[in-house]
Each structure stands twice: as structure tokens, then as C-alpha cells.
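Colleague: Input file: data.txt. Contents: compact mmCIF, C-alpha atoms.
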# COMPACT_ATOMS: atom_id res chain seq x y z
CA MET H 1107 0.00 0.00 0.00
CA VAL H 1108 1.48 3.35 -0.99
CA VAL H 1109 0.92 6.14 1.56
CA LEU H 1110 1.11 9.51 -0.15
CA SER H 1111 0.31 11.73 2.85
CA ALA H 1112 1.34 11.25 6.48
CA ALA H 1113 -1.39 10.08 8.81
CA ARG H 1114 -3.26 12.99 10.26
CA TRP H 1115 -3.25 11.89 13.91
CA VAL H 1116 0.61 11.85 14.08
CA ARG H 1117 1.76 15.36 15.02
CA SER H 1118 5.45 16.27 15.31
CA ARG H 1119 6.39 17.27 18.88
CA LEU H 1120 9.23 19.62 19.78
CA THR H 1121 11.80 17.47 21.62
CA ASP H 1122 14.79 19.84 22.01
CA ARG H 1123 13.03 22.82 23.57
CA PHE H 1124 15.44 22.61 26.54
CA TRP H 1125 18.52 23.06 24.38
CA ARG H 1126 17.00 25.87 22.34
CA VAL H 1127 16.23 27.74 25.56
CA GLN H 1128 19.71 27.04 26.98
CA GLU H 1129 21.30 28.56 23.85
CA VAL H 1130 19.80 31.89 24.80
CA LEU H 1131 20.13 31.59 28.59
CA LYS H 1132 23.86 30.80 28.38
CA TYR H 1133 24.44 34.39 27.26
CA ALA H 1134 22.36 35.75 30.14
CA ARG H 1135 23.89 33.85 33.06
CA HIS H 1136 25.83 36.86 34.36
CA PHE H 1137 22.88 39.27 34.25
CA ARG H 1138 21.16 40.67 37.30
CA GLY H 1139 17.70 39.69 38.48
CA ARG H 1140 15.19 37.35 36.89
CA LYS H 1141 16.52 37.92 33.41
CA ASN H 1142 19.31 35.43 34.10
CA ARG H 1143 16.76 32.64 34.75
CA CYS H 1144 13.48 33.30 33.00
CA TYR H 1145 13.49 32.77 29.23
CA LYS H 1146 10.92 35.43 28.37
CA LEU H 1147 12.87 38.18 30.11
CA ALA H 1148 16.23 36.78 29.06
CA VAL H 1149 15.42 36.83 25.34
CA ARG H 1150 14.80 40.55 25.43
CA SER H 1151 17.91 41.29 27.50
CA VAL H 1152 20.17 39.11 25.38
CA ARG H 1153 18.91 40.70 22.18
CA ARG H 1154 19.62 44.19 23.58
CA ALA H 1155 23.03 43.06 24.76
CA PHE H 1156 23.98 41.79 21.29
CA VAL H 1157 22.79 44.97 19.60
CA LYS H 1158 24.65 47.14 22.10
CA SER H 1159 27.84 45.16 21.64
CA THR H 1160 27.60 45.50 17.83
CA LYS H 1161 27.23 49.26 18.07
CA ALA H 1162 29.91 49.54 20.75
CA ARG H 1163 32.47 47.87 18.50
CA ARG H 1164 32.24 50.91 16.22
CA GLU H 1165 32.27 53.42 19.11
CA LYS H 1166 35.31 51.75 20.67
CA LYS H 1167 37.53 53.00 17.88
CA LYS H 1168 36.43 56.62 18.41
CA PHE H 1169 36.73 56.30 22.16
CA LEU H 1170 40.24 54.87 22.08
CA ARG H 1171 41.44 57.53 19.67
CA ALA H 1172 40.14 60.28 21.98
CA LEU H 1173 41.87 58.57 24.90
CA TRP H 1174 45.18 58.43 23.05
CA ILE H 1175 44.88 62.08 22.11
CA THR H 1176 44.31 63.15 25.74
CA ARG H 1177 47.26 61.08 26.87
CA ILE H 1178 49.58 62.45 24.19
CA GLY H 1179 48.44 66.00 25.01
CA ALA H 1180 49.15 65.51 28.69
CA ALA H 1181 52.57 64.00 28.02
CA SER H 1182 53.57 66.76 25.61
CA LEU H 1183 52.48 69.40 28.13
CA GLU H 1184 54.99 67.90 30.53
CA HIS H 1185 57.64 68.78 27.94
CA GLY H 1186 56.30 72.27 27.27
CA LEU H 1187 54.31 71.66 24.06
CA LYS H 1188 50.60 71.51 23.37
CA TYR H 1189 49.03 68.60 21.49
CA PRO H 1190 48.26 70.43 18.19
CA ALA H 1191 51.78 71.86 18.02
CA PHE H 1192 53.31 68.47 18.83
CA ILE H 1193 51.35 66.47 16.27
CA SER H 1194 51.57 69.03 13.46
CA ASN H 1195 55.32 69.44 13.86
CA LEU H 1196 55.89 65.67 14.01
CA VAL H 1197 53.93 65.25 10.80
CA LYS H 1198 55.90 68.04 9.13
CA SER H 1199 59.12 66.28 10.16
CA GLN H 1200 57.89 63.15 8.31
CA VAL H 1201 57.60 60.99 11.44
CA GLU H 1202 54.63 58.71 10.76
CA LEU H 1203 53.94 57.34 14.24
CA ASN H 1204 50.23 57.03 14.94
CA ARG H 1205 48.47 58.12 18.10
CA LYS H 1206 48.32 54.68 19.62
CA MET H 1207 52.11 54.32 19.37
CA LEU H 1208 52.74 57.83 20.64
CA ALA H 1209 50.53 57.17 23.68
CA ASP H 1210 52.31 53.85 24.36
CA LEU H 1211 55.72 55.48 24.00
CA ALA H 1212 54.67 58.29 26.33
CA ILE H 1213 53.72 55.71 28.97
CA TYR H 1214 56.48 53.12 28.61
CA GLU H 1215 59.40 54.98 26.95
CA PRO H 1216 59.59 58.46 28.50
CA LYS H 1217 63.06 59.22 27.17
CA THR H 1218 62.01 58.45 23.61
CA PHE H 1219 58.94 60.66 24.02
CA LYS H 1220 61.14 63.47 25.31
CA SER H 1221 63.32 63.23 22.21
CA LEU H 1222 60.21 63.32 19.98
CA ALA H 1223 58.99 66.42 21.85
CA ALA H 1224 62.39 68.06 21.32
CA LEU H 1225 62.20 67.22 17.61
CA ALA H 1226 58.76 68.80 17.36
CA GLN H 1227 59.91 71.88 19.27
CA ARG H 1228 62.88 72.36 16.97
CA ARG H 1229 60.71 71.99 13.85
CA ARG H 1230 58.28 74.52 15.34
CA GLN H 1231 61.03 77.08 15.81
CA GLU H 1232 62.28 76.53 12.28
CA GLY H 1233 58.73 77.08 11.09
CA PHE H 1234 58.51 80.39 12.96
CA LEU H 1235 61.76 81.59 11.41
CA ALA H 1236 60.60 80.56 7.95
CA ALA H 1237 57.31 82.40 8.46
CA LEU H 1238 59.11 85.63 9.35
CA GLY H 1239 61.08 85.50 6.14
CA ASP H 1240 63.84 88.00 5.35
CA GLY H 1241 62.43 90.90 7.29
CA LYS H 1242 62.48 93.06 4.15
CA GLU H 1243 59.52 94.70 2.43
CA PRO H 1244 58.10 93.13 -0.74
CA GLU H 1245 59.15 94.64 -4.10
CA GLY H 1246 57.52 97.77 -5.40
CA ILE H 1247 56.13 98.81 -2.02
CA PHE H 1248 57.47 101.49 0.26
CA SER H 1249 56.30 102.53 3.69
CA ARG H 1250 56.08 106.11 4.81
CA ILE H 1251 54.75 107.60 7.99
CA VAL H 1252 51.87 110.05 7.27
CA HIS H 1253 51.46 112.96 9.65
CA HIS H 1254 47.99 114.35 10.11
CA TYR H 1255 47.91 117.93 11.30
CA VAL Q 1041 57.51 103.82 14.27
CA ALA Q 1042 55.29 103.19 17.30
CA LYS Q 1043 54.99 99.63 18.59
CA THR Q 1044 51.56 98.09 17.91
CA SER Q 1045 50.23 94.61 18.55
CA LEU Q 1046 51.31 93.61 15.04
CA THR Q 1047 54.91 94.90 15.02
CA SER Q 1048 56.28 91.66 16.42
CA PRO Q 1049 54.83 88.17 15.87
CA PRO Q 1050 52.78 86.61 18.70
CA TRP Q 1051 55.38 83.90 19.35
CA PRO Q 1052 58.50 84.62 21.40
CA GLU Q 1053 61.60 85.43 19.41
CA VAL Q 1054 63.60 82.35 18.54
CA LYS Q 1055 67.31 81.97 17.86
CA LEU Q 1056 68.58 78.77 16.31
CA PRO Q 1057 72.12 77.65 17.16
CA ASP Q 1058 74.95 78.22 14.69
CA PRO Q 1059 74.66 75.74 11.75
CA GLY Q 1060 78.40 74.96 11.61
CA GLU Q 1061 78.65 74.15 15.29
CA GLU Q 1062 75.41 72.24 15.07
CA ALA Q 1063 76.73 70.08 12.23
CA LYS Q 1064 79.86 69.28 14.28
CA HIS Q 1065 77.74 68.37 17.31
CA HIS Q 1066 75.48 66.16 15.18
CA ALA Q 1067 78.48 64.33 13.66
CA GLU Q 1068 79.92 63.74 17.14
CA VAL Q 1069 76.64 62.31 18.43
CA VAL Q 1070 76.30 60.06 15.37
CA GLN Q 1071 79.81 58.70 15.80
CA LYS Q 1072 79.25 58.09 19.49
CA VAL Q 1073 76.04 56.15 18.81
CA ASN Q 1074 77.78 54.19 16.04
CA ARG Q 1075 80.54 53.21 18.46
CA MET Q 1076 78.00 52.18 21.08
CA ILE Q 1077 76.14 50.01 18.58
CA ALA Q 1078 79.36 48.45 17.30
CA ALA Q 1079 80.51 47.72 20.85
CA GLY Q 1080 77.12 46.25 21.72
CA GLN Q 1081 76.55 48.53 24.73
CA TYR Q 1082 72.79 48.40 24.61
CA GLY Q 1083 70.39 46.33 26.68
CA ARG Q 1084 66.99 45.30 25.38
CA LEU Q 1085 65.96 46.89 22.08
CA PHE Q 1086 62.41 47.84 21.24
CA ALA Q 1087 61.12 48.70 17.77
CA VAL Q 1088 57.98 50.23 16.32
CA VAL Q 1089 57.02 48.14 13.30
CA HIS Q 1090 54.30 48.83 10.73
CA PHE Q 1091 52.70 45.44 10.00
CA ALA Q 1092 49.23 44.35 8.85
CA SER Q 1093 48.25 48.03 8.52
CA LYS Q 1094 48.86 48.57 12.25
CA GLN Q 1095 51.81 49.84 14.24
CA TRP Q 1096 53.17 47.59 16.95
CA LYS Q 1097 55.66 48.33 19.72
CA VAL Q 1098 57.75 45.20 19.72
CA THR Q 1099 60.61 43.65 21.72
CA SER Q 1100 62.20 40.24 21.45
CA GLU Q 1101 60.21 37.24 22.77
CA ASP Q 1102 56.98 39.17 22.09
CA LEU Q 1103 53.71 37.69 20.86
CA ILE Q 1104 51.68 39.51 18.22
CA MET Q 1105 48.20 38.58 17.01
CA MET Q 1106 46.94 39.82 13.65
CA ASP Q 1107 43.29 39.74 12.69
CA ASN Q 1108 43.88 38.39 9.18
CA VAL Q 1109 45.53 35.63 7.20
CA LEU Q 1110 49.25 35.53 6.50
CA GLU Q 1111 50.40 33.52 3.49
CA ALA Q 1112 53.10 31.66 5.36
CA GLU Q 1113 53.08 28.27 7.00
CA CYS Q 1114 53.45 27.74 10.74
CA GLY Q 1115 57.12 27.81 11.64
CA ASP Q 1116 58.19 30.13 8.82
CA ARG Q 1117 60.65 32.89 9.70
CA ILE Q 1118 59.57 36.35 8.57
CA ARG Q 1119 61.54 39.57 8.37
CA MET Q 1120 59.55 42.74 9.06
CA GLU Q 1121 60.85 45.52 6.88
CA LYS Q 1122 58.81 48.63 7.75
CA VAL Q 1123 60.51 49.75 10.96
CA LEU Q 1124 59.58 53.27 12.14
CA LEU Q 1125 61.59 53.57 15.34
CA VAL Q 1126 64.24 51.58 17.20
CA GLY Q 1127 65.23 52.37 20.75
CA ALA Q 1128 67.43 51.19 23.57
CA ASP Q 1129 68.07 52.64 26.99
CA ASP Q 1130 70.50 55.39 25.94
CA PHE Q 1131 69.59 56.18 22.33
CA THR Q 1132 66.68 56.02 19.88
CA LEU Q 1133 66.80 55.94 16.11
CA ILE Q 1134 63.76 57.70 14.66
CA GLY Q 1135 62.95 56.99 11.04
CA ARG Q 1136 61.56 59.65 8.69
CA PRO Q 1137 59.32 57.83 8.07
CA LEU Q 1138 61.11 54.46 7.81
CA LEU Q 1139 64.55 53.27 8.90
CA GLY Q 1140 66.90 51.67 6.40
CA LYS Q 1141 66.84 47.94 5.86
CA GLU Q 1142 70.60 47.70 6.37
CA LEU Q 1143 70.22 49.40 9.77
CA VAL Q 1144 67.61 47.25 11.56
CA ARG Q 1145 66.54 43.63 11.28
CA VAL Q 1146 63.35 42.36 12.96
CA GLU Q 1147 62.73 38.62 12.71
CA ALA Q 1148 59.54 36.80 13.60
CA THR Q 1149 58.13 33.26 13.38
CA VAL Q 1150 54.56 32.26 12.61
CA ILE Q 1151 53.29 30.22 15.55
CA GLU Q 1152 49.58 29.73 15.19
CA LYS Q 1153 46.82 30.26 12.64
CA THR Q 1154 43.37 30.10 14.20
CA GLU Q 1155 39.97 31.74 14.07
CA SER Q 1156 38.77 34.33 16.54
CA TRP Q 1157 36.06 33.65 19.10
CA PRO Q 1158 32.58 33.77 17.51
CA LYS Q 1159 31.58 37.45 17.52
CA ILE Q 1160 27.87 38.14 17.27
CA ASN Q 1161 26.51 40.88 15.00
CA MET Q 1162 22.89 41.63 15.73
CA ARG Q 1163 20.53 44.21 14.23
CA PHE Q 1164 17.12 44.87 15.72
CA TRP Q 1165 14.45 47.46 14.97
CA LYS Q 1166 11.69 47.57 17.53
CA LYS Q 1167 8.04 47.33 16.50
CA HIS Q 1168 9.05 46.26 12.98
CA ASN Q 1169 9.58 42.54 13.55
CA TYR Q 1170 13.13 42.88 12.19
CA GLN Q 1171 16.08 41.13 13.67
CA ARG Q 1172 19.18 39.67 12.03
CA LYS Q 1173 21.84 37.69 13.83
CA ARG Q 1174 25.19 36.84 12.27
CA ILE Q 1175 28.16 35.05 13.84
CA ILE Q 1176 31.56 36.22 12.59
CA ARG Q 1177 34.76 34.26 12.97
CA ASN Q 1178 37.87 36.15 11.80
CA PRO Q 1179 41.02 34.27 10.85
CA GLN Q 1180 43.91 35.19 13.14
CA THR Q 1181 47.66 34.64 13.03
CA VAL Q 1182 49.99 34.63 16.02
CA LEU Q 1183 53.62 35.65 15.51
CA ARG Q 1184 56.50 35.51 17.95
CA ILE Q 1185 59.20 38.19 17.51
CA ASN Q 1186 62.51 36.39 17.79
CA THR Q 1187 65.18 39.09 17.54
CA ILE Q 1188 65.74 42.75 16.82
CA GLU Q 1189 69.24 43.57 15.58
CA ILE Q 1190 70.87 46.89 14.68
CA PHE Q 1191 74.02 47.41 12.64
CA PRO Q 1192 76.43 50.36 12.97
CA CYS Q 1193 75.90 51.97 9.57
CA LEU Q 1194 74.83 55.46 10.60
CA SER Q 1195 76.23 58.45 8.72
Hey, can you dump this file as C-alpha cells for me?

Modeller:
Amino acid sequence: MVVLSAARWVRSRLTDRFWRVQEVLKYARHFRGRKNRCYKLAVRSVRRAFVKSTKARREKKKFLRALWITRIGAASLEHGLKYPAFISNLVKSQVELNRKMLADLAIYEPKTFKSLAALAQRRRQEGFLAALGDGKEPEGIFSRIVHHY
Amino acid sequence: VAKTSLTSPPWPEVKLPDPGEEAKHHAEVVQKVNRMIAAGQYGRLFAVVHFASKQWKVTSEDLIMMDNVLEAECGDRIRMEKVLLVGADDFTLIGRPLLGKELVRVEATVIEKTESWPKINMRFWKKHNYQRKRIIRNPQTVLRINTIEIFPCLS
């Protein structure tokens, strides 16, 4: 006898409900309150936790860069330079260290950071001298003091 | 002419040292450092290496983990060529932007090639019945820095 359709009184029963629930609860075990035990509350909390962690992975990069910048600014102030002057003069001297490295050097290699600050200071002074130029007037222009009586 | 706020620039006046004396001083320092390197009077060296689009501060016996694949088998020795900075206790060599290949040598060995822990990417819009969950496993490589060597070829 060929049976083309399954018998109608045999329904399929869910047998691994326990493991499906544990898959979600295992991510909620360290939460506070009933959301670490009760599935209905845990599902919502775990979903929010995943979404927050996804978004935080993008914010982490911004946050760390701001942290490095504060640290480099503080370290360069110890050597008498402000952060914008330090970074701009290092870049003009063709030193391509990024902010993470500069922050690490400022923490763990203070002598090296001092030499970098000195390099930036020297480049800054050379820039000031170059901006002043010769000290002469441009061609075709003369200055004269006008007396008003 | 009367002094106004624009007669002198807002920065304090600066005098650079004499270029001839400066050149002599620089040459002396370079020779001293060369002698120190040749005599081997440095302790532990550290280097800043540009590798896998990141900069790493590296010493010998260091472990480094990159978040991508390296086309080398486990146990292969690798030489890292983009060195930005090398330092010891008494001197540092700062590259502009890189140091020469005949000046520094950084060697590393590939130890391990694995995948990262399963990171979960989830997107959820409330009241729209929209949620997507994706598990990402990045390939990772672990390197051990064996040695950093410097050679006395400064000029």
C-alpha cells in the first residue's frame, strides 16, 4: 500500500526545547535579576546586549582615539608643548607614528617621548623663522609715515 | 615707528644655534652612537614596526596577534621591513618615516593560525519585527618576535 500523505493523527512534537532555551540563557547567566533565569525576560535582554555590543564595537575606535589624544596632550604638556603643536610638527618632520604608538611610548618609553617632543619643538622654531622670512619689504612697495595735522 | 600689537609676531623670538657648530655636534653624536652600537653597549631593544596596517611596539620574545591571514606556514621565519623607530636605553633611532633595511633587522616566526572567538553581530528594529543575527569568525595569526638587531651603519 502506498501512503502519499502522512497520517493525520501523528503530530510532530518539539523534543529539544530545553537546548534551544539554553542557547539563549547561556548568554544571560551573568545578568542581574530574573533575566538570568526566565526565558521570556532573558530573550529581550540578550537581544539588547547583542545589539549594544555590535554598536559599541564601532564606538570603541572613536573612544580609544580620543583617549590616546588626551594622553599624548598631557605627556607633551609635561615637555612644554601643546598637542596640536606636537602632532603638526611631528607630521611636518615626516615621522609617521600614529596616536596609539605615541601614547604607548609616552607611557612606557619616557626618554624616547622626550626626544620626539624636542624634535617637534625644533621643527616649530624653524617654522617660525621661515614664516618671518627675510624681514624686508616686498618689491615695489614702500612705507612712509603720514602725519595728520 | 610706534609699537603696535602687530609689530612683532605673537610667538617669542627664537634663535637657532649656529649651523656649523650644530653640524659638528650632530656628527659627534652620530659617531658616538655608532661606536655604542658596534661595541654592543645596549640592553633590550624595542622597535615600532608597521605590519598588517597597524603599528606595533615590539621587543624580542613578544607575541603579536593579527586579525587576518598571512600567506606563510606555521614555523616560517619572517623579516619585518617597515621599521619606524628603534630604541634602547641610551639612544633612539627615529625613522623619517622608515629606517633603512641595512640598519635594523626584525625577525619573527609564525606560531599559530586560528579563528577568533565567535563574535555576534545583531541588528534589531523595535516594532518592525526585524532582527538579524550573524556570527563572525575572523582568521587570526599569532607571531613571535625572535630578535631585533641593529648594525652600525649610521652616517

Colleague: Pick out the residues sitting within 7 Å of range 1127-1133 of chain Q, and hand them over as a list of chain:residue names; count all atoms listed in the file, and ignore anything fewer than 6 positions along from it in its own chain.

Modeller: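 Close residues of range 1127-1133 of chain Q: H:Thr1218, Q:Tyr1082, Q:Gly1083, Q:Arg1084, Q:Leu1085, Q:Phe1086, Q:Ala1087.
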
Colleague: Give me, please, the distance in Å between CA of Glu1121 in chain Q and CA of Glu1068 in chain Q, quoted to one decimal.

Modeller: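 Spanning CA of Glu1121 in chain Q to CA of Glu1068 in chain Q is a straight-line distance of 28.3 Å.
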
Colleague: What's the 12 Å shell around range 1051-1066 of chain Q, counting only C-alpha atoms, without same-chain residues fewer than 6 positions away, as a list in words?

Modeller: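 Returned residues: Gln1227, Arg1228, Arg1229, Arg1230, Gln1231, Glu1232, Gly1233, Phe1234, Leu1235, Ala1236, Ala1237 and Leu1238 of chain H; Ser1045, Lys1072, Val1073, Leu1194 and Ser1195 of chain Q.
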
Colleague: Return the single residue from Q:Val1123, Q:Lys1173, Q:Gly1140, Q:Asn1108 that is closest to Lys1153 in chain Q, with distances computed using only C-alpha atoms.

Modeller: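 The shortest atom-to-atom distance to Lys1153 in chain Q comes from Q:Asn1108.
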
Colleague: With only C-alpha atoms counted and 6 Å as the cut-off, give the residues of chain Q in contact with chain H, each with its shortest interatomic distance in Å and the pair that gives it, as a Markdown table.

Modeller:
| residue | atom | partner | partner_atom | distance |
| --- | --- | --- | --- | --- |
| Q:Arg1136 | CA | H:Val1201 | CA | 5.0 |
| Q:Pro1137 | CA | H:Val1201 | CA | 4.9 |
| Q:Asn1161 | CA | H:Thr1160 | CA | 5.5 |
| Q:Met1162 | CA | H:Val1157 | CA | 5.1 |
| Q:Arg1163 | CA | H:Val1157 | CA | 5.9 |

Colleague: Find the residue from Q:Ala1042, Q:Ile1190, Q:Val1144, Q:Ile1160 that sits nearest to Ile1175 in chain Q; use all atoms listed in the file when measuring.

Modeller: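 Checking each candidate against Ile1175 in chain Q, we get Q:Ile1160 as the closest.
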
Colleague: Considering only C-alpha atoms, return as a count of residues only whatever protein or nucleic-acid residues lie within 12 Å of Ala1148 in chain H, sequence-local ones (same chain, fewer than 3 positions apart) excluded.

Modeller: 24

Colleague: Given 6 Å of margin on each side, can you work out the centre and size in Å (one decimal) of an axis-aligned box holding every listed atom of range 1235-1246 of chain H, as JSON?

Modeller:
{"center_x": 60.6, "center_y": 89.2, "center_z": 3.0, "size_x": 18.5, "size_y": 29.2, "size_z": 28.8}

Colleague: Contacts of Gly1115 in chain Q at 7 Å or less, counting only C-alpha atoms, minus same-chain residues fewer than 5 places along, as an mmCIF file with C-alpha atoms, in the coordinates of the input?

Modeller:
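Once written, out.cif looks like this:
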data_model
loop_
_atom_site.group_PDB
_atom_site.id
_atom_site.type_symbol
_atom_site.label_atom_id
_atom_site.label_comp_id
_atom_site.auth_asym_id
_atom_site.auth_seq_id
_atom_site.Cartn_x
_atom_site.Cartn_y
_atom_site.Cartn_z
ATOM 1 C CA THR Q 1149 58.130 33.260 13.380
ATOM 2 C CA VAL Q 1150 54.560 32.260 12.610
ATOM 3 C CA ILE Q 1151 53.290 30.220 15.550
#

Colleague: What separation in Å, quoted to one decimal, exists between CA of Glu1113 in chain Q and CA of Leu1138 in chain Q?

Modeller: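 Spanning CA of Glu1113 in chain Q to CA of Leu1138 in chain Q is a straight-line distance of 27.4 Å.
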
Colleague: Quick check, in Å to one decimal: how far apart do CA of Pro1179 in chain Q and CA of Met1106 in chain Q lie?

Modeller: 8.6 Å

Colleague: So which one's closest to Leu1183 in chain Q, Q:Glu1155, Q:Gly1135, Q:Gln1171, Q:Leu1103? Using only C-alpha atoms, please.

Modeller: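 Closest residue, counting only C-alpha atoms: Q:Leu1103.
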
Colleague: When you count all atoms listed in the file, which of these residues is closest to Lys1198 in chain H: H:Pro1216, H:Leu1225, H:Val1108, H:Leu1120?

Modeller: H:Leu1225
